[in-house]
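Coordinates from query.txt are shown below (compact mmCIF, C-alpha atoms).
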# COMPACT_ATOMS: atom_id res chain seq x y z
CA MET A 1 0.00 0.00 0.00
CA ALA A 2 1.34 3.43 -0.93
CA LYS A 3 2.18 5.76 1.97
CA LEU A 4 3.64 9.16 2.63
CA HIS A 5 6.28 9.20 5.35
CA ILE A 6 7.34 12.24 7.40
CA THR A 7 10.65 11.60 9.11
CA GLN A 8 13.83 13.28 10.31
CA ASP A 9 17.19 12.88 8.63
CA ASP A 10 20.53 12.42 10.39
CA HIS A 11 20.82 16.20 10.92
CA SER A 12 17.32 16.47 12.41
CA TYR A 13 15.83 18.14 9.35
CA TRP A 14 12.40 16.87 8.35
CA MET A 15 11.55 15.33 4.99
CA LEU A 16 8.65 13.81 3.06
CA SER A 17 9.09 10.44 1.34
CA HIS A 18 6.74 8.47 -0.89
CA GLU A 19 6.50 4.70 -0.55
CA GLY A 20 5.04 2.99 -3.60
CA ASP A 21 2.90 -0.13 -3.62
CA ASP A 22 6.03 -2.15 -4.31
CA GLY A 23 7.92 -0.58 -1.41
CA THR A 24 10.00 1.76 -3.56
CA LEU A 25 10.91 4.93 -1.67
CA THR A 26 11.30 8.33 -3.34
CA LEU A 27 12.20 11.67 -1.73
CA VAL A 28 9.45 14.28 -2.29
CA ALA A 29 10.77 17.21 -0.23
CA HIS A 30 13.53 17.75 2.30
CA GLN A 31 15.50 20.03 4.64
CA PHE A 32 12.68 21.48 6.73
CA ALA A 33 13.37 22.71 10.26
CA THR A 34 10.00 21.44 11.53
CA PRO A 35 7.48 18.81 10.35
CA ALA A 36 4.85 21.47 9.64
CA LYS A 37 5.69 21.97 5.96
CA PRO A 38 6.03 18.30 4.99
CA LEU A 39 2.73 17.64 6.75
CA GLU A 40 1.11 20.51 4.86
CA LEU A 41 2.46 19.15 1.58
CA ALA A 42 1.17 15.64 2.33
CA GLN A 43 -2.26 16.92 3.27
CA GLU A 44 -2.42 19.06 0.11
CA LEU A 45 -1.51 16.08 -2.09
CA ILE A 46 -4.38 14.10 -0.57
CA ALA A 47 -6.82 17.02 -0.80
CA GLU A 48 -5.93 17.47 -4.47
CA GLY A 49 -6.54 13.78 -5.14
CA ARG A 50 -2.95 13.24 -6.21
CA PHE A 51 -2.32 10.70 -3.49
CA GLN A 52 -4.58 8.21 -1.78
CA GLY A 53 -3.16 6.51 1.27
CA PRO A 54 -2.06 7.13 4.81
CA ILE A 55 0.41 9.67 6.13
CA VAL A 56 2.82 8.11 8.60
CA MET A 57 4.84 10.45 10.79
CA ASP A 58 7.66 9.87 13.23
CA PRO A 59 7.63 11.63 16.59
CA PRO A 60 10.33 14.29 16.96
CA ARG A 61 13.65 12.69 17.79
CA GLU A 62 14.76 13.17 21.39
CA THR A 63 17.88 15.32 21.53
CA SER A 64 19.89 16.07 24.61
CA PRO A 65 20.51 19.75 25.43
CA ALA A 66 24.17 19.11 24.75
CA ALA A 67 23.41 17.82 21.27
CA GLY A 68 21.19 20.80 20.41
CA VAL A 69 21.27 22.12 16.87
CA PRO A 70 24.08 20.60 14.83
CA ALA A 71 27.16 22.79 14.69
CA ALA A 72 28.25 24.42 11.46
CA THR A 73 30.87 21.74 10.92
CA ALA A 74 28.20 19.07 11.17
CA LEU A 75 25.89 20.99 8.85
CA ALA A 76 28.72 21.31 6.34
CA GLU A 77 28.63 17.54 6.00
CA TYR A 78 24.95 17.59 5.14
CA VAL A 79 24.01 15.74 1.99
CA THR A 80 20.60 15.23 0.46
CA PRO A 81 19.05 12.46 2.55
CA LYS A 82 17.85 9.13 1.27
CA PRO A 83 14.07 8.72 1.53
CA ARG A 84 13.07 7.10 4.76
CA LYS A 85 10.11 5.19 6.24
CA ALA A 86 8.56 6.35 9.47
CA GLY A 87 9.05 3.91 12.28
CA ALA A 88 12.12 2.39 10.71
CA MET B 1 23.51 50.09 -13.88
CA ALA B 2 21.21 48.70 -11.18
CA LEU B 3 21.31 45.42 -9.29
CA VAL B 4 18.10 43.74 -8.16
CA TYR B 5 18.04 40.63 -5.98
CA TRP B 6 15.19 38.15 -5.46
CA PHE B 7 14.66 35.40 -2.96
CA ALA B 8 11.38 33.79 -1.89
CA ASP B 9 9.59 31.12 0.09
CA GLY B 10 11.74 31.11 3.12
CA ALA B 11 10.95 33.53 5.95
CA GLY B 12 8.82 33.66 9.06
CA GLU B 13 8.32 31.34 12.00
CA ASP B 14 10.22 28.06 12.36
CA ILE B 15 12.88 29.12 9.84
CA THR B 16 15.74 28.86 12.27
CA ARG B 17 18.71 27.03 10.85
CA GLY B 18 21.59 27.75 8.49
CA GLY B 19 24.49 30.12 8.04
CA SER B 20 28.06 29.68 9.14
CA ASP B 21 27.08 29.09 12.77
CA GLY B 22 24.23 26.70 12.00
CA ASN B 23 21.75 28.93 13.82
CA THR B 24 21.24 31.77 11.33
CA PRO B 25 17.97 31.53 9.38
CA ILE B 26 18.68 31.04 5.69
CA PRO B 27 16.82 34.25 4.67
CA THR B 28 18.94 36.21 7.13
CA ALA B 29 22.13 34.76 5.71
CA LEU B 30 20.95 35.58 2.18
CA VAL B 31 19.96 39.18 2.88
CA ARG B 32 23.13 39.86 4.87
CA TRP B 33 25.26 38.71 1.94
CA ILE B 34 23.20 40.78 -0.51
CA ARG B 35 23.67 43.91 1.60
CA ALA B 36 27.32 43.32 2.43
CA LYS B 37 28.60 42.25 -0.96
CA GLY B 38 25.85 42.62 -3.55
CA SER B 39 25.53 46.42 -3.87
CA PRO B 40 21.75 46.13 -4.17
CA ASP B 41 19.49 48.82 -5.55
CA LEU B 42 16.43 46.74 -4.72
CA ILE B 43 15.79 43.51 -2.79
CA VAL B 44 12.60 41.66 -3.64
CA TYR B 45 11.21 39.11 -1.23
CA GLY B 46 9.02 36.95 -3.44
CA GLY B 47 6.41 36.09 -0.88
CA ASP B 48 5.27 33.67 1.83
CA ILE B 49 5.79 34.60 5.45
CA TYR B 50 5.27 31.32 7.28
CA PRO B 51 3.12 29.82 8.40
CA SER B 52 0.16 32.08 7.69
CA GLY B 53 1.23 35.67 7.16
CA SER B 54 0.07 36.79 10.60
CA SER B 55 1.48 39.87 12.30
CA LYS B 56 3.42 37.53 14.59
CA SER B 57 4.97 35.88 11.53
CA PHE B 58 5.80 39.28 10.02
CA ASN B 59 7.51 40.30 13.26
CA GLU B 60 9.72 37.26 12.81
CA PHE B 61 10.34 38.23 9.18
CA PHE B 62 11.37 41.73 10.25
CA SER B 63 13.81 40.26 12.74
CA GLN B 64 15.18 37.94 10.05
CA MET B 65 15.76 40.98 7.84
CA ASP B 66 17.79 42.51 10.69
CA GLY B 67 15.05 45.10 11.22
CA ASP B 68 15.73 46.80 7.91
CA VAL B 69 13.33 46.73 4.94
CA ARG B 70 14.35 50.08 3.43
CA GLN B 71 15.45 48.54 0.12
CA MET B 72 12.79 45.84 0.09
CA CYS B 73 9.39 45.05 -1.34
CA GLU B 74 7.37 41.83 -1.22
CA THR B 75 5.08 40.23 -3.76
CA PRO B 76 2.41 38.55 -1.61
CA GLY B 77 2.40 34.76 -1.51
CA ASN B 78 -0.30 32.21 -0.82
CA HIS B 79 0.81 31.86 2.79
CA ASP B 80 0.44 35.61 3.26
CA TRP B 81 -3.13 35.23 2.02
CA LYS B 82 -3.97 32.69 4.74
CA ASP B 83 -4.59 35.66 7.05
CA ASP B 84 -7.45 37.05 4.95
CA PRO B 85 -10.29 38.83 6.68
CA ASP B 86 -12.91 40.43 4.45
CA LEU B 87 -13.29 43.95 5.78
CA PRO B 88 -15.79 46.57 4.56
CA ALA B 89 -13.15 49.21 3.91
CA THR B 90 -10.56 47.01 2.21
CA GLY B 91 -12.30 43.92 0.85
CA ARG B 92 -10.57 40.59 1.44
CA ILE B 93 -6.88 41.25 2.04
CA PRO B 94 -3.79 39.56 3.47
CA HIS B 95 -4.14 41.34 6.78
CA GLY B 96 -0.73 40.72 8.34
CA TYR B 97 0.97 41.65 5.07
CA ASP B 98 -1.08 44.82 4.67
CA THR B 99 -0.49 45.88 8.27
CA PHE B 100 3.25 45.26 8.12
CA TRP B 101 4.01 47.09 4.90
CA ARG B 102 1.77 50.06 5.77
CA ALA B 103 3.82 50.36 8.95
CA HIS B 104 7.04 50.54 6.91
CA PRO B 105 6.73 53.51 4.54
CA GLU B 106 10.52 53.59 4.39
CA SER B 107 10.35 50.37 2.35
CA LYS B 108 9.84 50.00 -1.41
CA GLN B 109 6.47 48.28 -0.89
CA PRO B 110 3.52 50.64 -1.24
CA VAL B 111 -0.02 49.88 -0.13
CA ASP B 112 -2.62 51.83 -2.08
CA VAL B 113 -5.29 52.31 0.56
CA THR B 114 -7.68 53.80 -2.00
CA LYS B 115 -8.08 50.36 -3.57
CA LYS B 116 -9.62 47.11 -2.40
CA GLY B 117 -8.24 43.58 -2.37
CA ALA B 118 -5.06 42.52 -4.13
CA ALA B 119 -4.93 45.68 -6.25
CA ARG B 120 -3.67 47.49 -3.14
CA TYR B 121 -0.25 45.88 -3.60
CA ASP B 122 0.26 46.05 -7.38
CA HIS B 123 2.93 48.61 -8.21
CA PHE B 124 5.89 49.28 -10.47
CA ILE B 125 9.38 50.64 -9.97
CA ASP B 126 11.49 52.22 -12.72
CA LEU B 127 15.19 51.38 -12.68
CA ASP B 128 17.74 52.30 -15.31
CA GLY B 129 15.32 52.32 -18.21
CA TRP B 130 13.44 49.21 -17.09
CA ARG B 131 9.97 49.02 -15.55
CA LEU B 132 9.62 46.39 -12.86
CA PHE B 133 6.00 45.33 -12.26
CA PHE B 134 5.06 43.71 -8.96
CA VAL B 135 1.72 41.91 -9.12
CA ASP B 136 -0.12 40.15 -6.33
CA THR B 137 -0.97 36.56 -7.29
CA GLY B 138 -0.99 35.31 -3.70
CA ASP B 139 -4.71 34.58 -3.74
CA ASN B 140 -4.33 32.54 -6.93
CA GLU B 141 -6.10 29.40 -5.71
CA THR B 142 -9.18 31.27 -4.50
CA ALA B 143 -9.34 34.17 -6.94
CA ALA B 144 -6.81 34.00 -9.75
CA TRP B 145 -5.43 37.25 -11.18
CA PRO B 146 -7.04 39.70 -11.78
CA ALA B 147 -9.43 38.38 -9.11
CA GLY B 148 -12.45 39.90 -10.82
CA ASP B 149 -10.92 43.36 -10.90
CA ALA B 150 -10.62 44.43 -14.54
CA SER B 151 -8.93 47.67 -13.48
CA ARG B 152 -5.83 45.62 -12.64
CA VAL B 153 -5.56 44.51 -16.27
CA THR B 154 -6.00 48.08 -17.45
CA TRP B 155 -3.39 49.29 -14.96
CA LEU B 156 -0.86 46.74 -16.21
CA ARG B 157 -1.45 47.32 -19.90
CA THR B 158 -1.57 51.12 -19.78
CA ASN B 159 1.61 51.39 -17.75
CA LEU B 160 3.79 49.25 -20.00
CA LYS B 161 6.94 50.86 -21.29
CA PRO B 162 7.17 50.96 -25.07
CA GLY B 163 8.87 47.89 -26.46
CA ARG B 164 9.62 45.23 -23.88
CA ALA B 165 11.79 46.75 -21.18
CA ASN B 166 9.26 45.40 -18.70
CA ILE B 167 9.84 42.70 -16.07
CA LEU B 168 7.13 40.92 -14.09
CA PHE B 169 7.57 39.88 -10.45
CA ALA B 170 4.91 37.73 -8.78
CA HIS B 171 4.75 34.86 -6.34
CA HIS B 172 3.26 32.37 -8.81
CA SER B 173 4.68 31.42 -12.19
CA ARG B 174 2.88 30.32 -15.35
CA LEU B 175 5.54 27.64 -15.76
CA SER B 176 7.15 25.71 -12.93
CA CYS B 177 8.53 22.26 -12.17
CA GLY B 178 7.95 20.64 -8.81
CA ARG B 179 5.22 19.92 -6.34
CA HIS B 180 3.10 22.81 -7.72
CA GLY B 181 4.06 22.75 -11.42
CA ASN B 182 2.58 24.77 -14.26
CA ASN B 183 -0.21 27.14 -13.37
CA ASP B 184 -2.88 27.56 -16.01
CA LYS B 185 -4.93 29.68 -13.60
CA LEU B 186 -2.35 32.36 -14.37
CA ASP B 187 -3.04 32.30 -18.07
CA ALA B 188 -4.93 35.61 -18.01
CA LEU B 189 -1.84 37.25 -16.56
CA TRP B 190 0.45 35.48 -19.03
CA GLN B 191 -1.72 36.63 -21.95
CA ALA B 192 -1.59 40.21 -20.67
CA LEU B 193 2.19 40.18 -21.04
CA PHE B 194 1.79 40.09 -24.84
CA ASP B 195 0.09 42.29 -27.39
CA PRO B 196 -3.00 40.82 -29.08
CA ASP B 197 -0.87 39.78 -32.07
CA GLY B 198 1.47 37.76 -29.82
CA THR B 199 4.26 40.33 -29.59
CA PRO B 200 5.97 40.00 -26.19
CA ARG B 201 5.94 43.14 -24.05
CA PHE B 202 8.00 41.71 -21.20
CA ALA B 203 11.57 40.41 -21.19
CA PHE B 204 11.10 37.83 -18.44
CA THR B 205 8.98 36.85 -15.47
CA MET B 206 10.34 36.19 -11.97
CA ALA B 207 8.46 34.06 -9.45
CA GLY B 208 8.74 31.49 -6.67
CA HIS B 209 6.10 29.22 -5.03
CA ASP B 210 7.77 25.91 -5.92
CA HIS B 211 10.65 25.58 -3.45
CA ASN B 212 13.33 24.99 -6.08
CA VAL B 213 14.79 26.65 -9.19
CA SER B 214 13.67 26.50 -12.82
CA VAL B 215 14.91 28.67 -15.69
CA TYR B 216 13.14 28.45 -19.03
CA GLY B 217 13.85 29.76 -22.49
CA PRO B 218 11.41 32.23 -24.09
CA ARG B 219 7.83 30.93 -24.18
CA SER B 220 5.10 32.01 -26.56
CA LYS B 221 1.79 33.65 -25.76
CA GLU B 222 -0.42 30.82 -26.95
CA ASP B 223 1.63 27.75 -26.12
CA PRO B 224 3.91 28.48 -23.16
CA GLU B 225 4.06 24.85 -22.00
CA HIS B 226 5.22 23.46 -25.32
CA LYS B 227 8.77 24.54 -26.09
CA SER B 228 11.04 27.56 -26.17
CA VAL B 229 10.84 29.94 -29.09
CA ALA B 230 12.97 32.80 -30.38
CA PHE B 231 13.29 35.68 -27.92
CA ALA B 232 11.47 37.92 -30.39
CA GLU B 233 8.44 35.65 -29.98
CA GLY B 234 8.52 34.74 -26.31
CA ILE B 235 9.23 35.62 -22.71
CA HIS B 236 11.79 33.97 -20.43
CA VAL B 237 10.45 32.40 -17.23
CA VAL B 238 12.59 32.27 -14.08
CA VAL B 239 11.40 30.50 -10.91
CA ASN B 240 13.33 30.68 -7.66
CA GLY B 241 11.54 29.58 -4.52
CA ALA B 242 14.69 28.22 -2.93
CA GLY B 243 14.94 30.95 -0.32
CA GLY B 244 15.02 29.11 2.95
CA ASP B 245 12.15 26.70 3.60
CA GLY B 246 13.35 23.35 2.31
CA HIS B 247 13.34 21.93 -1.19
CA TYR B 248 10.67 20.37 -3.42
CA SER B 249 11.88 17.53 -5.62
CA GLN B 250 11.94 17.79 -9.41
CA GLU B 251 12.64 14.05 -9.71
CA ASP B 252 11.22 12.57 -12.91
CA ALA B 253 10.27 9.36 -11.11
CA LEU B 254 7.69 11.33 -9.14
CA ARG B 255 5.93 12.49 -12.31
CA LEU B 256 4.45 9.03 -12.76
CA LEU B 257 2.91 9.41 -9.32
CA PHE B 258 1.67 12.95 -10.03
CA LEU B 259 3.83 14.23 -7.16
CA VAL B 260 5.94 16.35 -9.52
CA ARG B 261 4.27 18.40 -12.22
CA GLY B 262 5.20 21.01 -14.77
CA GLU B 263 7.62 21.62 -17.53
CA LYS B 264 11.18 20.43 -17.11
CA PRO B 265 13.30 23.59 -17.42
CA ASP B 266 15.36 23.81 -20.58
CA ILE B 267 18.04 26.16 -19.21
CA PHE B 268 18.66 25.30 -15.55
CA ASP B 269 17.06 23.46 -12.65
CA ASP B 270 17.95 22.62 -9.06
CA ASP B 271 16.05 21.11 -6.15
CA ASP B 272 18.81 20.82 -3.59
CA HIS B 273 20.43 24.19 -2.81
CA TYR B 274 19.42 27.66 -1.65
CA PHE B 275 19.57 30.44 -4.25
CA VAL B 276 19.29 34.17 -4.79
CA THR B 277 18.42 35.52 -8.24
CA ARG B 278 20.61 38.42 -9.37
CA ILE B 279 19.25 40.79 -12.02
CA ASN B 280 21.84 43.11 -13.45
CA LEU B 281 20.17 45.93 -15.37
CA SER B 282 23.36 47.02 -17.10
CA SER B 283 21.69 49.44 -19.51
CA ALA B 284 18.24 50.36 -20.78
CA THR B 285 18.53 47.60 -23.35
CA ALA B 286 20.55 44.95 -21.53
CA ALA B 287 19.88 42.79 -18.50
CA ASP B 288 21.68 39.71 -17.22
CA VAL B 289 19.81 37.30 -14.95
CA ASP B 290 21.58 34.55 -13.08
CA LEU B 291 21.38 32.39 -9.98
CA LEU B 292 23.73 32.67 -7.02
CA ASP B 293 24.18 29.26 -5.39
CA PHE B 294 24.35 29.45 -1.60
CA GLY B 295 24.67 25.69 -1.19
CA LYS B 296 22.86 23.74 1.49
CA HIS B 297 23.28 26.16 4.40
CA ALA B 298 24.15 29.64 3.06
CA ALA B 299 27.31 29.38 5.13
CA GLY B 300 29.54 31.57 2.95
CA ASP B 301 29.84 33.42 -0.31
CA PRO B 302 27.65 32.08 -3.12
CA ALA B 303 28.84 30.69 -6.43
CA PRO B 304 27.26 32.22 -9.55
CA VAL B 305 25.88 29.48 -11.82
CA PRO B 306 27.09 30.11 -15.40
CA LYS B 307 24.54 27.67 -16.81
CA SER B 308 21.69 29.70 -15.33
CA LEU B 309 22.70 32.95 -17.02
CA VAL B 310 20.05 34.54 -19.23
CA LYS B 311 21.30 37.50 -21.26
CA ILE B 312 18.50 39.80 -22.31
CA ARG B 313 19.32 42.18 -25.17
CA LEU B 314 16.55 44.37 -26.50

Please go through the file and, once you have read it, give me the structure as structure tokens.
Amino acid sequence: MAKLHITQDDHSYWMLSHEGDDGTLTLVAHQFATPAKPLELAQELIAEGRFQGPIVMDPPRETSPAAGVPAATALAEYVTPKPRKAGA
Amino acid sequence: MALVYWFADGAGEDITRGGSDGNTPIPTALVRWIRAKGSPDLIVYGGDIYPSGSSKSFNEFFSQMDGDVRQMCETPGNHDWKDDPDLPATGRIPHGYDTFWRAHPESKQPVDVTKKGAARYDHFIDLDGWRLFFVDTGDNETAAWPAGDASRVTWLRTNLKPGRANILFAHHSRLSCGRHGNNDKLDALWQALFDPDGTPRFAFTMAGHDHNVSVYGPRSKEDPEHKSVAFAEGIHVVVNGAGGDGHYSQEDALRLLFLVRGEKPDIFDDDDHYFVTRINLSSATAADVDLLDFGKHAAGDPAPVPKSLVKIRL
């Protein structure tokens, strides 16, 4: 069953991935500071009839105060994330 | 010579990360570079103050612009139009947008309080022989331009400069590639950019909305989605919504799923980096348009993208 997944990447940015009926994953949108925009996109795609299926969303990842926002050096290593399933 | 910069779709609440320290909002990093090293004559924010164009969101925008909008104007976006009361004196308007820009008369964004609805924000600026038109398409989904107001068409057509030293700035684009794609609701506006016989009266259009970059060759009046034509017969289309709030894929695989729509750009495309558009009005008959690539975090100086360069010669 096709699904839309809202998940965080390794740098805590949020992304939207599409899972096809055959399990193929494709990145739809990425690098959002919060899940609000990917959720809006997913809801719009359903409202427009361009997608029929569930939206599955991960809870925000727990980060320790020490971890905080990734430092510039860590951000410099950022690459476009691979699409990801929620709950994986 | 005059330099105009455009960025869009990236300011407001929850836009918090980027820059060399990792904690500078992308739009702040972009505008600081423009001011420090770009010698701007005008900075256009192409619309969308997230999440819903409220006064709270505009306060955040003002902070992200370092409290300085003197050189700035904003074409309203669809998110600005989410805060849309219908008031007797003004008609339906983007209230937070209207309130903010009326409170900043030092800016380049006028609000014509004698008009109602979106017409309040339509304006033009003359720079070095060019006329830059700023048109509100933010309410496109509910009331596409001209939103039932024929005076807006008259205003646009009667204020054109002779020839085609005219440039259109709006939030939505007739052509686009991404989650939103082409926009046939904008066809009335696209048609108004040409004379009845198909002669182009604009050099190019500049827009955002899709959070990525697309640059197209000249497109004709009657068949803009088909293919590029000679410049004498068409108008270039530039889309840059890569101004701070993530990226929308242009991946071909998603077309089969209807999750990506619109024409694949024939000059340049990108769905992975943040960009500022630079418009160099070098003379009354020459303009160069290119994209400045700020990478994934706007952490330093941008790299101009040679492939994106559009040289307009009238």

Shell of 8 Å around Ser283 (chain B), only C-alpha atoms, local chain residues under 5 positions omitted, as a PyMOL selection string: chain B and resi 1+128-129

Those same residues - C-alpha atoms - I'd like them written as an mmCIF file, in the frame of the given file.
data_model
loop_
_atom_site.group_PDB
_atom_site.id
_atom_site.type_symbol
_atom_site.label_atom_id
_atom_site.label_comp_id
_atom_site.auth_asym_id
_atom_site.auth_seq_id
_atom_site.Cartn_x
_atom_site.Cartn_y
_atom_site.Cartn_z
ATOM 1 C CA MET B 1 23.510 50.090 -13.880
ATOM 2 C CA ASP B 128 17.740 52.300 -15.310
ATOM 3 C CA GLY B 129 15.320 52.320 -18.210
#

12 Å contacts from chain A to chain B using only C-alpha atoms, as a VMD selection string: chain A and resid 2 to 4 11 to 21 24 to 38 40 to 42 44 to 46 48 to 52 68 to 81 83

Shell of 9 Å around Thr285 (chain B), all atoms listed in the file, local chain residues under 4 positions omitted, as JSON, numbers by chain: {"B": [129, 130, 165, 281, 312, 313, 314]}

Protein and nucleic acid residues near (17.9, 31.6, 4.0) (cut-off 7 Å, all atoms listed in the file) as a list in words: Gly10, Gly18, Pro25, Ile26, Pro27, Thr28, Ala29, Leu30, Gly243, Gly244 and Ala298 of chain B

Would you mind exporting C-alpha atoms of the selected residues as a short mmCIF file (atom, residue, chain, number, x, y, z; two decimals), in the frame of the given file?
data_model
loop_
_atom_site.label_atom_id
_atom_site.label_comp_id
_atom_site.auth_asym_id
_atom_site.auth_seq_id
_atom_site.Cartn_x
_atom_site.Cartn_y
_atom_site.Cartn_z
CA GLY B 10 11.74 31.11 3.12
CA GLY B 18 21.59 27.75 8.49
CA PRO B 25 17.97 31.53 9.38
CA ILE B 26 18.68 31.04 5.69
CA PRO B 27 16.82 34.25 4.67
CA THR B 28 18.94 36.21 7.13
CA ALA B 29 22.13 34.76 5.71
CA LEU B 30 20.95 35.58 2.18
CA GLY B 243 14.94 30.95 -0.32
CA GLY B 244 15.02 29.11 2.95
CA ALA B 298 24.15 29.64 3.06
#

Enclose region 190-205 of chain B, meaning all of its atoms listed in the file, in a box aligned along x, y and z, pad it by 3 Å on each side, and list the centre and edge lengths in Å to one decimal, as JSON.
{"center_x": 4.3, "center_y": 39.3, "center_z": -23.8, "size_x": 20.6, "size_y": 13.7, "size_z": 22.6}

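Going from CA of Ser52 (chain B) over to CA of Met206 (chain B), you cover 22.5 Å.
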
12 Å contact set for Ile49 (chain B), only C-alpha atoms, chain neighbours under 3 positions out, as an MDAnalysis selection string: chainID B and resid 8:15 27 45:46 52:62 64 74:83 94 96:97 100 138 171 209 243:245

Residue nearest Asp86 (chain B) among B:Ala36, B:Leu42, B:Asn212, B:Gly117 (counting only C-alpha atoms): B:Gly117

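Between CA of His172 (chain B) and CA of Thr24 (chain B) the interatomic distance comes to 27.0 Å.
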
Point-to-point distance in Å for CA of Pro40 (chain B) and CA of Leu291 (chain B): 14.9 Å

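Nearest to Glu233 (chain B) of all the residues B:Asp266, B:Asp252, B:Asp288, B:Asp195 is B:Asp195, based on all atoms listed in the file.
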
I'd like the neighbourhood of Asn166 (chain B) as a PDB file with C-alpha atoms, in the coordinates of the input, where a residue qualifies if any of its atoms comes within 7 Å (using all atoms listed in the file), though same-chain residues fewer than 2 positions away should be ignored.
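Dumped to around26.pdb:
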ATOM      1  CA  TRP B 130      13.440  49.210 -17.090  1.00  0.00           C
ATOM      2  CA  ARG B 131       9.970  49.020 -15.550  1.00  0.00           C
ATOM      3  CA  LEU B 132       9.620  46.390 -12.860  1.00  0.00           C
ATOM      4  CA  LEU B 160       3.790  49.250 -20.000  1.00  0.00           C
ATOM      5  CA  LYS B 161       6.940  50.860 -21.290  1.00  0.00           C
ATOM      6  CA  ARG B 164       9.620  45.230 -23.880  1.00  0.00           C
ATOM      7  CA  LEU B 168       7.130  40.920 -14.090  1.00  0.00           C
ATOM      8  CA  ARG B 201       5.940  43.140 -24.050  1.00  0.00           C
ATOM      9  CA  PHE B 202       8.000  41.710 -21.200  1.00  0.00           C
ATOM     10  CA  ALA B 203      11.570  40.410 -21.190  1.00  0.00           C
TER      11      ALA B 203
END

All residues 9 Å or closer to Leu39 (chain A), all atoms listed in the file, same chain fewer than 6 positions away omitted, as a ChimeraX atom specification: /A:6,16,55,57

Selected residue, from B:Ala170, B:Thr205, B:Pro146, B:Gly217, that lies nearest to Ala188 (chain B) when counting only C-alpha atoms: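 Between B:Ala170, B:Thr205, B:Pro146, B:Gly217, the residue approaching Ala188 (chain B) most closely is B:Pro146.
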